[in-house]
Every structure is written in structure tokens, then in C-alpha cells.
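The file structure-v4.cif comes next; it holds mmCIF, C-alpha atoms.
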data_my_file
loop_
_atom_site.label_atom_id
_atom_site.label_comp_id
_atom_site.auth_asym_id
_atom_site.auth_seq_id
_atom_site.Cartn_x
_atom_site.Cartn_y
_atom_site.Cartn_z
CA MET A 1 29.19 -2.03 13.47
CA ARG A 2 28.36 -0.46 10.13
CA PRO A 3 25.92 2.48 10.12
CA GLU A 4 22.40 1.41 9.21
CA LEU A 5 21.40 2.23 5.65
CA PRO A 6 18.21 4.28 5.09
CA PRO A 7 15.23 2.06 4.25
CA VAL A 8 13.31 2.13 0.99
CA ILE A 9 9.57 2.64 1.60
CA ILE A 10 7.17 2.08 -1.32
CA LEU A 11 4.00 4.17 -1.21
CA GLY A 12 0.91 3.80 -3.38
CA ALA A 13 -2.78 2.99 -3.47
CA ALA A 14 -3.80 -0.64 -3.22
CA ARG A 15 -3.81 -2.33 -6.66
CA SER A 16 -1.38 0.25 -8.04
CA GLY A 17 1.39 -2.27 -8.65
CA THR A 18 3.25 -1.76 -5.37
CA ARG A 19 3.79 -5.50 -4.93
CA LEU A 20 5.26 -5.72 -8.43
CA LEU A 21 7.60 -2.84 -7.62
CA ARG A 22 8.66 -4.46 -4.35
CA GLU A 23 9.50 -7.73 -6.09
CA ALA A 24 11.47 -5.92 -8.79
CA PHE A 25 13.51 -3.92 -6.26
CA ALA A 26 14.16 -7.12 -4.29
CA ALA A 27 16.03 -8.51 -7.31
CA SER A 28 18.92 -6.17 -6.49
CA GLY A 29 19.90 -8.70 -3.83
CA GLU A 30 20.90 -6.06 -1.29
CA LEU A 31 17.58 -5.42 0.46
CA ALA A 32 15.93 -7.05 3.47
CA VAL A 33 12.35 -7.35 2.22
CA VAL A 34 9.23 -7.31 4.37
CA PRO A 35 7.24 -9.84 2.30
CA HIS A 36 3.72 -8.71 3.24
CA ASP A 37 1.76 -5.55 3.98
CA VAL A 38 2.11 -5.22 7.76
CA ASN A 39 -0.43 -2.62 8.80
CA PHE A 40 -0.59 -4.22 12.24
CA ILE A 41 3.05 -3.26 12.86
CA TRP A 42 2.63 0.32 11.68
CA ARG A 43 -0.41 0.72 13.94
CA THR A 44 1.49 -0.31 17.07
CA GLY A 45 0.26 1.81 19.95
CA ASN A 46 -2.59 3.21 17.83
CA GLU A 47 -4.72 0.10 17.42
CA HIS A 48 -7.69 1.97 18.86
CA CYS A 49 -7.94 4.30 15.84
CA SER A 50 -10.81 3.44 13.48
CA HIS A 51 -8.84 4.47 10.37
CA ASP A 52 -5.30 4.31 8.95
CA ALA A 53 -4.57 8.06 8.66
CA LEU A 54 -2.41 8.23 11.78
CA ASP A 55 -1.34 11.65 13.03
CA PRO A 56 2.46 11.96 13.20
CA ALA A 57 2.03 13.42 16.68
CA TRP A 58 0.92 9.93 17.76
CA CYS A 59 4.36 8.53 16.91
CA SER A 60 6.28 8.72 20.17
CA PRO A 61 9.98 7.78 20.28
CA ARG A 62 9.02 4.52 21.99
CA ILE A 63 6.42 3.62 19.34
CA ALA A 64 8.86 4.48 16.55
CA ALA A 65 11.53 2.25 18.09
CA VAL A 66 9.13 -0.67 18.41
CA ILE A 67 7.93 -0.30 14.81
CA ARG A 68 11.51 -0.20 13.52
CA ARG A 69 12.44 -3.29 15.51
CA ASP A 70 9.39 -5.30 14.43
CA LEU A 71 9.81 -4.38 10.77
CA ARG A 72 13.41 -5.59 10.85
CA ARG A 73 12.30 -8.83 12.45
CA ALA A 74 9.60 -9.32 9.79
CA ALA A 75 12.07 -8.81 6.93
CA ARG A 76 13.59 -11.68 4.96
CA PRO A 77 16.46 -11.94 5.64
CA ALA A 78 16.25 -10.11 8.94
CA ALA A 79 17.39 -6.48 8.67
CA THR A 80 19.48 -6.39 11.81
CA ALA A 81 21.10 -3.12 12.83
CA GLY A 82 24.07 -2.39 10.62
CA GLY A 83 23.26 -5.07 8.06
CA GLY A 84 20.68 -5.12 5.30
CA ARG A 85 18.75 -2.19 3.91
CA LEU A 86 15.05 -2.53 4.68
CA LEU A 87 12.49 -2.60 1.84
CA GLU A 88 8.87 -2.20 2.92
CA LYS A 89 5.52 -1.50 1.33
CA THR A 90 2.22 -1.27 3.19
CA VAL A 91 -0.48 0.45 1.17
CA SER A 92 -2.09 2.11 4.20
CA ASN A 93 1.11 4.14 4.63
CA ALA A 94 -0.11 6.38 1.79
CA LEU A 95 -2.55 7.87 4.32
CA ARG A 96 0.14 8.63 6.93
CA VAL A 97 3.35 9.54 5.15
CA ASP A 98 4.47 12.02 7.80
CA PHE A 99 3.91 9.37 10.48
CA VAL A 100 6.16 7.04 8.45
CA THR A 101 8.92 9.65 8.28
CA ARG A 102 8.72 10.06 12.05
CA VAL A 103 9.64 6.38 12.25
CA PHE A 104 12.30 6.59 9.52
CA PRO A 105 13.39 10.23 9.10
CA ASP A 106 16.04 9.27 6.53
CA ALA A 107 13.89 6.89 4.47
CA THR A 108 13.90 6.92 0.68
CA LEU A 109 10.23 7.10 -0.38
CA VAL A 110 9.06 5.80 -3.74
CA HIS A 111 5.51 6.79 -4.74
CA LEU A 112 3.91 4.64 -7.44
CA VAL A 113 0.91 6.21 -9.19
CA ARG A 114 -1.51 4.29 -11.42
CA ASP A 115 -4.52 5.43 -13.43
CA GLY A 116 -7.47 5.56 -11.04
CA ARG A 117 -9.74 3.77 -13.51
CA ALA A 118 -7.61 0.62 -13.44
CA VAL A 119 -7.21 0.85 -9.66
CA VAL A 120 -10.95 1.19 -9.03
CA ALA A 121 -11.77 -1.77 -11.27
CA SER A 122 -9.12 -3.99 -9.70
CA SER A 123 -10.00 -2.93 -6.14
CA ARG A 124 -13.69 -3.60 -6.74
CA ARG A 125 -12.86 -7.16 -7.80
CA GLN A 126 -10.92 -7.60 -4.56
CA TRP A 127 -13.80 -6.28 -2.47
CA LEU A 128 -16.33 -8.56 -4.11
CA GLY A 129 -14.17 -11.60 -4.84
CA GLU A 130 -13.38 -14.62 -2.71
CA SER A 131 -11.24 -14.02 0.36
CA ASP A 132 -7.58 -14.97 0.24
CA THR A 133 -7.01 -17.12 3.32
CA GLY A 134 -3.35 -17.74 2.55
CA ARG A 135 -2.06 -14.23 3.03
CA PRO A 136 -3.46 -13.61 6.54
CA LEU A 137 -2.11 -16.98 7.68
CA ALA A 138 1.31 -16.25 6.18
CA LYS A 139 1.44 -12.88 7.95
CA LEU A 140 0.68 -14.48 11.32
CA ARG A 141 4.33 -15.50 11.74
CA ALA A 142 5.37 -11.83 11.84
CA VAL A 143 2.71 -10.63 14.30
CA PRO A 144 4.09 -9.51 17.69
CA TRP A 145 1.90 -10.73 20.54
CA ARG A 146 0.74 -7.20 21.43
CA ASN A 147 -0.69 -6.80 17.89
CA LEU A 148 -2.76 -9.98 17.90
CA ARG A 149 -5.97 -8.16 18.80
CA TYR A 150 -5.70 -5.88 15.76
CA PHE A 151 -4.66 -8.75 13.51
CA ALA A 152 -7.59 -10.90 14.72
CA TRP A 153 -10.01 -8.07 13.93
CA SER A 154 -8.48 -7.57 10.49
CA ALA A 155 -8.54 -11.27 9.63
CA ARG A 156 -12.11 -11.69 10.87
CA ASN A 157 -13.25 -8.67 8.86
CA ARG A 158 -11.56 -9.95 5.71
CA LEU A 159 -12.42 -13.63 6.01
CA TRP A 160 -15.93 -13.57 7.40
CA GLY A 161 -17.32 -10.03 7.16
CA SER A 162 -18.86 -10.54 3.73
CA ALA A 163 -20.82 -13.53 5.02
CA ALA A 164 -22.53 -11.61 7.82
CA ARG A 165 -26.30 -12.11 7.99
CA ASP A 166 -27.01 -8.39 7.84
CA GLY A 167 -25.44 -8.19 4.39
CA ARG A 168 -22.45 -6.18 5.60
CA ILE A 169 -19.45 -6.37 3.29
CA ALA A 170 -15.93 -6.81 4.63
CA ILE A 171 -13.73 -3.73 4.37
CA TRP A 172 -10.83 -4.34 2.01
CA GLY A 173 -7.79 -2.12 1.61
CA VAL A 174 -6.99 1.21 3.23
CA ARG A 175 -9.35 2.56 5.86
CA TYR A 176 -9.65 6.27 5.12
CA PRO A 177 -11.57 8.35 7.68
CA GLY A 178 -15.30 7.89 7.07
CA ILE A 179 -15.12 4.68 5.05
CA GLU A 180 -17.71 2.92 7.22
CA THR A 181 -20.22 5.72 6.63
CA ASP A 182 -19.54 5.70 2.88
CA LEU A 183 -20.20 1.96 2.73
CA ARG A 184 -23.70 2.55 4.04
CA HIS A 185 -24.53 5.16 1.39
CA SER A 186 -22.30 4.49 -1.63
CA SER A 187 -21.53 1.67 -4.04
CA VAL A 188 -18.39 -0.40 -3.58
CA ALA A 189 -17.01 1.18 -6.78
CA GLU A 190 -17.43 4.66 -5.27
CA VAL A 191 -15.68 3.57 -2.06
CA CYS A 192 -12.82 2.16 -4.17
CA ALA A 193 -12.63 5.51 -5.95
CA ARG A 194 -12.38 7.35 -2.63
CA GLN A 195 -9.67 4.94 -1.48
CA TRP A 196 -7.60 5.78 -4.56
CA VAL A 197 -8.11 9.54 -4.14
CA ALA A 198 -7.31 9.38 -0.41
CA SER A 199 -4.14 7.37 -1.07
CA VAL A 200 -2.75 9.52 -3.88
CA GLN A 201 -3.62 12.79 -2.16
CA GLY A 202 -2.31 11.45 1.14
CA VAL A 203 1.15 11.15 -0.40
CA ARG A 204 1.05 14.31 -2.50
CA THR A 205 -0.15 16.57 0.33
CA SER A 206 2.38 15.25 2.85
CA ALA A 207 5.25 17.34 4.15
CA ALA A 208 7.62 14.67 2.82
CA PHE A 209 6.31 15.13 -0.73
CA SER A 210 6.35 18.93 -0.68
CA GLY A 211 9.82 18.89 0.86
CA GLY A 212 11.10 16.94 -2.13
CA ALA A 213 14.08 15.36 -0.39
CA GLY A 214 14.05 11.58 -0.37
CA MET A 215 10.86 11.23 -2.48
CA VAL A 216 10.70 9.67 -5.95
CA GLU A 217 7.43 9.46 -7.90
CA LEU A 218 6.84 7.23 -10.92
CA ARG A 219 3.91 5.97 -12.96
CA TYR A 220 2.91 2.35 -13.20
CA GLU A 221 2.10 2.72 -16.89
CA ASP A 222 5.56 4.08 -17.69
CA MET A 223 7.22 1.44 -15.56
CA VAL A 224 5.62 -1.55 -17.27
CA ALA A 225 5.88 -0.04 -20.75
CA GLU A 226 9.62 0.57 -20.41
CA PRO A 227 11.27 -1.49 -17.65
CA ASP A 228 14.60 0.25 -18.23
CA SER A 229 13.02 3.38 -16.75
CA LEU A 230 12.88 1.50 -13.44
CA ALA A 231 16.63 0.90 -13.67
CA ALA A 232 17.07 4.68 -13.57
CA VAL A 233 14.90 4.86 -10.45
CA ALA A 234 16.85 2.01 -8.84
CA ARG A 235 20.08 3.86 -9.56
CA ARG A 236 18.66 7.08 -8.12
CA ILE A 237 17.73 5.43 -4.82
CA GLY A 238 21.17 3.88 -4.51
CA LEU A 239 20.74 0.25 -5.54
CA ALA A 240 23.96 -1.30 -6.76
CA ASP A 241 22.49 -3.48 -9.53
CA PRO A 242 19.76 -1.45 -11.26
CA GLN A 243 19.80 -3.64 -14.35
CA ALA A 244 18.80 -6.68 -12.28
CA VAL A 245 15.77 -4.68 -11.15
CA ALA A 246 14.72 -3.93 -14.75
CA THR A 247 15.29 -7.54 -15.79
CA ARG A 248 13.11 -8.83 -12.96
CA LEU A 249 10.36 -6.39 -13.89
CA ARG A 250 10.36 -7.76 -17.43
CA GLU A 251 9.90 -11.26 -16.01
CA LEU A 252 7.07 -10.23 -13.71
CA ARG A 253 5.02 -7.84 -15.79
CA ARG A 254 1.80 -9.17 -17.20
CA ALA A 255 1.76 -9.80 -20.93
CA GLY A 256 -1.19 -8.98 -23.15
CA PRO A 257 -3.71 -6.14 -23.27
CA ALA A 258 -4.87 -4.42 -20.10
CA ARG A 259 -8.21 -5.50 -18.68
CA ASP A 260 -11.08 -3.12 -19.42
CA TRP A 261 -11.69 -1.15 -16.21
CA ARG A 262 -15.43 -1.06 -16.87
CA GLU A 263 -15.71 -4.85 -16.94
CA GLY A 264 -18.32 -6.09 -14.48
CA MET A 265 -19.52 -2.61 -13.48
CA THR A 266 -22.90 -1.13 -14.26
CA ASP A 267 -23.13 2.26 -15.97
CA ALA A 268 -24.40 3.75 -12.71
CA GLU A 269 -21.46 2.34 -10.74
CA TRP A 270 -18.94 3.63 -13.21
CA ALA A 271 -20.59 7.05 -13.41
CA GLY A 272 -20.43 7.39 -9.62
CA ALA A 273 -16.78 6.32 -9.47
CA SER A 274 -15.82 8.60 -12.36
CA ARG A 275 -17.22 11.69 -10.63
CA ILE A 276 -14.88 10.98 -7.73
CA ILE A 277 -11.66 10.17 -9.58
CA GLU A 278 -11.77 12.44 -12.64
CA PRO A 279 -10.62 15.70 -10.97
CA LEU A 280 -7.50 13.98 -9.62
CA ARG A 281 -6.90 12.03 -12.85
CA SER A 282 -6.94 15.32 -14.71
CA GLU A 283 -4.57 16.91 -12.21
CA LEU A 284 -2.17 13.99 -12.69
CA GLY A 285 -2.31 14.34 -16.47
CA TYR A 286 -4.26 11.17 -17.28
CA ARG A 287 -6.58 11.30 -20.26
#

Translate this file's structure into C-alpha cells.
Amino acid sequence: MRPELPPVIILGAARSGTRLLREAFAASGELAVVPHDVNFIWRTGNEHCSHDALDPAWCSPRIAAVIRRDLRRAARPAATAGGGRLLEKTVSNALRVDFVTRVFPDATLVHLVRDGRAVVASSRRQWLGESDTGRPLAKLRAVPWRNLRYFAWSARNRLWGSAARDGRIAIWGVRYPGIETDLRHSSVAEVCARQWVASVQGVRTSAAFSGGAGMVELRYEDMVAEPDSLAAVARRIGLADPQAVATRLRELRRAGPARDWREGMTDAEWAGASRIIEPLRSELGYR
């Protein structure tokens, strides 16, 4: 039996382009791709936690083995031991990078960063838009029976939470510690801003990031402006056909001007979100 190849784990805030990156990498033809975010698998054994920032100490050898097995089963084609290099992206993993590396100590991590203004605007539209019933139903096929309770809660929150009589809005995206409290006192735009900050800082303050080994960081804006730059990343992480990755990105990237991030937001909403994201945007070199 061939030794198992180290998986490729994509990290990034929701609406940062992680799905686009996953589909581009998949074009290499050598990866077993988990086709959906599978937070319910990563939270195996920790379903009781009210947020997604799981402590690596909570990752026992048994839990790690179960997560590895279930991720391989969820991949298309199945990433059986010794065959197929796993490709996975679940946005909540940005809050628990060191937990992820407990599961896959040899993983290649790719962190995708996008301007917080675009992320906040896109996330806000997801929070306030119509629910997507197709994705939860498609994920159901990959749910192990022991995770059904968490999945049922997640689907109910997403599909019906916004219609609750008390005016409660369904939580969308990563659940950083304290998100429920923030929803009671802040605008949705401000909560989206805190999700972006928590996700980016979650990766950049992790031991895996500071250690440097096995971590690649790239910007969404650079990636879509020059797809050949992604070929260099694909080569760096060991993909055999990096040019196929760049070609697929060209096919997938959205043509035309970027949507104005202020669209649909009031001045007060945008001012509140800006106060939250600007320190980190400046640190990252965005203008």
C-alpha cells in the first residue's frame, strides 16, 4: 500500500473565494475533493460547543481518527488510505487551525485572504438573503449518523431561523465565540465584520502560521487578477499539473467590475463595520 499523501486544507473567511480556490485546485485531477463545507464532521465529539473555535486539546486520537475517516468517505472520489490526496475547505476551520493540524499534522495549509470590505458586503447579503435549501440537502449524504443532531440544528437554524416570530435572524457562517451576544446588540454588517476579523486572525495567530512550515498565504485579489500566480502556488504545494489549475481559474473567475461593497448598506451600518475591519485591513496592507 502506498503511503498516504498529505492533504491540502484551504483556510479562509466565508465569502473570501475559498470555493473558487477549491474548484481550481480540483482541476489538477489528482485530488479527492470534499465537495461541501463539512463543519459537522470537524465538530465530531465536540457538538456540545456553542462556537467553532475548538481547542486543540479537545482533539483526542480517537476523534482525530474518526474525522480523518469521515472526511475520506465524504470526498469524491473517496480518498481511501494510500490512494488520493484529500482536498478540503470548511470556512469554520479558520477559527481552529491548531485543532485541524492535530487531525492532519502533515497537512499543507493554504490561507486565502480577501479585502474585508468585499467579504462583509457579500456575507451580509448571505445573512439577509433567501436560504439555500439545496446545499444542506446535498450535504446530508455525507453526514454520519452520530452527527445528525448537529446537522439538524444547523439546517433548522439556516432554513427557518430567520422566520422565527420573535424576529431572530438565523446565524450564517462561522460561529466565533460571542456571536449570539453580538447579534443582540450589533447590526448584521458589524457581525459580518467580526466574522472576517475572527477568521483572518484565527489563521494568522495559530501555531501553524507562526511555524511557517506547510502554510501558504495568498490574496484573492492577486489570484483573480493574474491566474498564473495560482499555478505557482499549485506547484509549491506539489500538484503535478499547475497549469490546469490556472486554466480552470480563468474559466471560473467572474468577469466584469467588482460589486460595490457599500451597496445595500446604510451609512451607519458601513461606519460600524469599518471601525471593526480597518485596523486589520491596514495591517494586511489593504488601502

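Considering the residues A:Glu221, A:Asp55, A:Asp37, A:Glu278 and counting only C-alpha atoms, Ala193 in chain A has its shortest atom-to-atom contact with A:Glu278.
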
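For the residues A:Val245, A:Met215, A:Leu128, A:Ala273, ranking by smallest atom-to-atom distance to Ser229 in chain A using only C-alpha atoms places A:Val245 first.
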
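For the residues A:Gly84, A:Gly264, A:Gly202, A:Gly12, ranking by smallest atom-to-atom distance to Pro177 in chain A using only C-alpha atoms places A:Gly202 first.
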
Point to revise | Given only C-alpha atoms as the counted atoms, nearest of A:Asp182, A:Glu30, A:Asp70, A:Asp222 to Val113 in chain A | key: A:Asp222

Exercise for review: Give as a list in words the residues that the PyMOL selection byres ((chain A and resi 102) around 9) matches when applied to the coordinates above.
Suggested key: Pro56, Ala57, Cys59, Ser60, Pro61, Ala64, Val97, Asp98, Phe99, Val100, Thr101, Val103, Phe104 and Pro105 of chain A

Pro279 in chain A environment, 12 Å, all atoms listed in the file, sequence neighbours closer than 5 positions dropped, as a PDB file with C-alpha atoms, in the frame of the given file:
ATOM      1  CA  GLY A 116      -7.470   5.560 -11.040  1.00  0.00           C
ATOM      2  CA  ALA A 193     -12.630   5.510  -5.950  1.00  0.00           C
ATOM      3  CA  ARG A 194     -12.380   7.350  -2.630  1.00  0.00           C
ATOM      4  CA  VAL A 197      -8.110   9.540  -4.140  1.00  0.00           C
ATOM      5  CA  GLN A 201      -3.620  12.790  -2.160  1.00  0.00           C
ATOM      6  CA  ALA A 273     -16.780   6.320  -9.470  1.00  0.00           C
ATOM      7  CA  SER A 274     -15.820   8.600 -12.360  1.00  0.00           C
ATOM      8  CA  LEU A 284      -2.170  13.990 -12.690  1.00  0.00           C
ATOM      9  CA  GLY A 285      -2.310  14.340 -16.470  1.00  0.00           C
ATOM     10  CA  TYR A 286      -4.260  11.170 -17.280  1.00  0.00           C
ATOM     11  CA  ARG A 287      -6.580  11.300 -20.260  1.00  0.00           C
TER      12      ARG A 287
END

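Within 9 Å of the point (-11.8, 10.2, 5.1) in file coordinates, and counting all atoms listed in the file, lie the residues His51, Ala53, Arg175, Tyr176, Pro177, Gly178, Ile179, Arg194, Gln195 and Ala198 of chain A.
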
Study note, to complete from the structure: Counting all atoms listed in the file, the residue among A:Ala232, A:Cys49, A:Ala189, A:Ala13 that lies closest to Phe25 in chain A is A:Ala232

Exercise for review: Compare A:Leu230, A:Leu11, A:Tyr220, A:Leu183 by their minimum atom-to-atom distance to Ala244 in chain A, counting all atoms listed in the file, and give me the closest one.
Suggested key: A:Leu230

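Here CA of Thr44 in chain A and CA of Arg15 in chain A stand 24.4 Å from one another.
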
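Once the PyMOL selection byres ((chain A and resi 87) around 7) is applied to the depicted file, the selected set reads Pro7, Val8, Ile9, Leu31, Ala32, Val33, Val34, Arg85, Leu86 and Glu88 of chain A.
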
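CA of Asp115 in chain A is found 10.3 Å from CA of Ser282 in chain A.
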
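Put simply, CA of Arg262 in chain A is 11.2 Å away from CA of Arg125 in chain A.
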
Point to revise | Residue neighbourhood Ser186 in chain A, 9 Å, all atoms listed in the file, exclusion window fewer than 5 positions, as an MDAnalysis selection string | key: chainID A and resid 181 191 272

For range 92-108 of chain A, I'd like the enclosing box, axis-aligned and padded by 3 Å on every side, reported as lines of an AutoDock Vina configuration file with centre and edge lengths in Å to one decimal.
center_x = 6.7
center_y = 7.1
center_z = 6.5
size_x = 24.6
size_y = 15.9
size_z = 17.6

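Using all atoms listed in the file, every residue with an atom at most 8 Å from the point (3.3, 8.8, -0.2) is listed here: Ile10, Leu11, Gly12, Asn93, Ala94, Leu95, Arg96, Val97, Leu109, Val110, His111, Ser199, Val200, Gly202, Val203, Arg204, Ser206, Ala208 and Phe209 of chain A.
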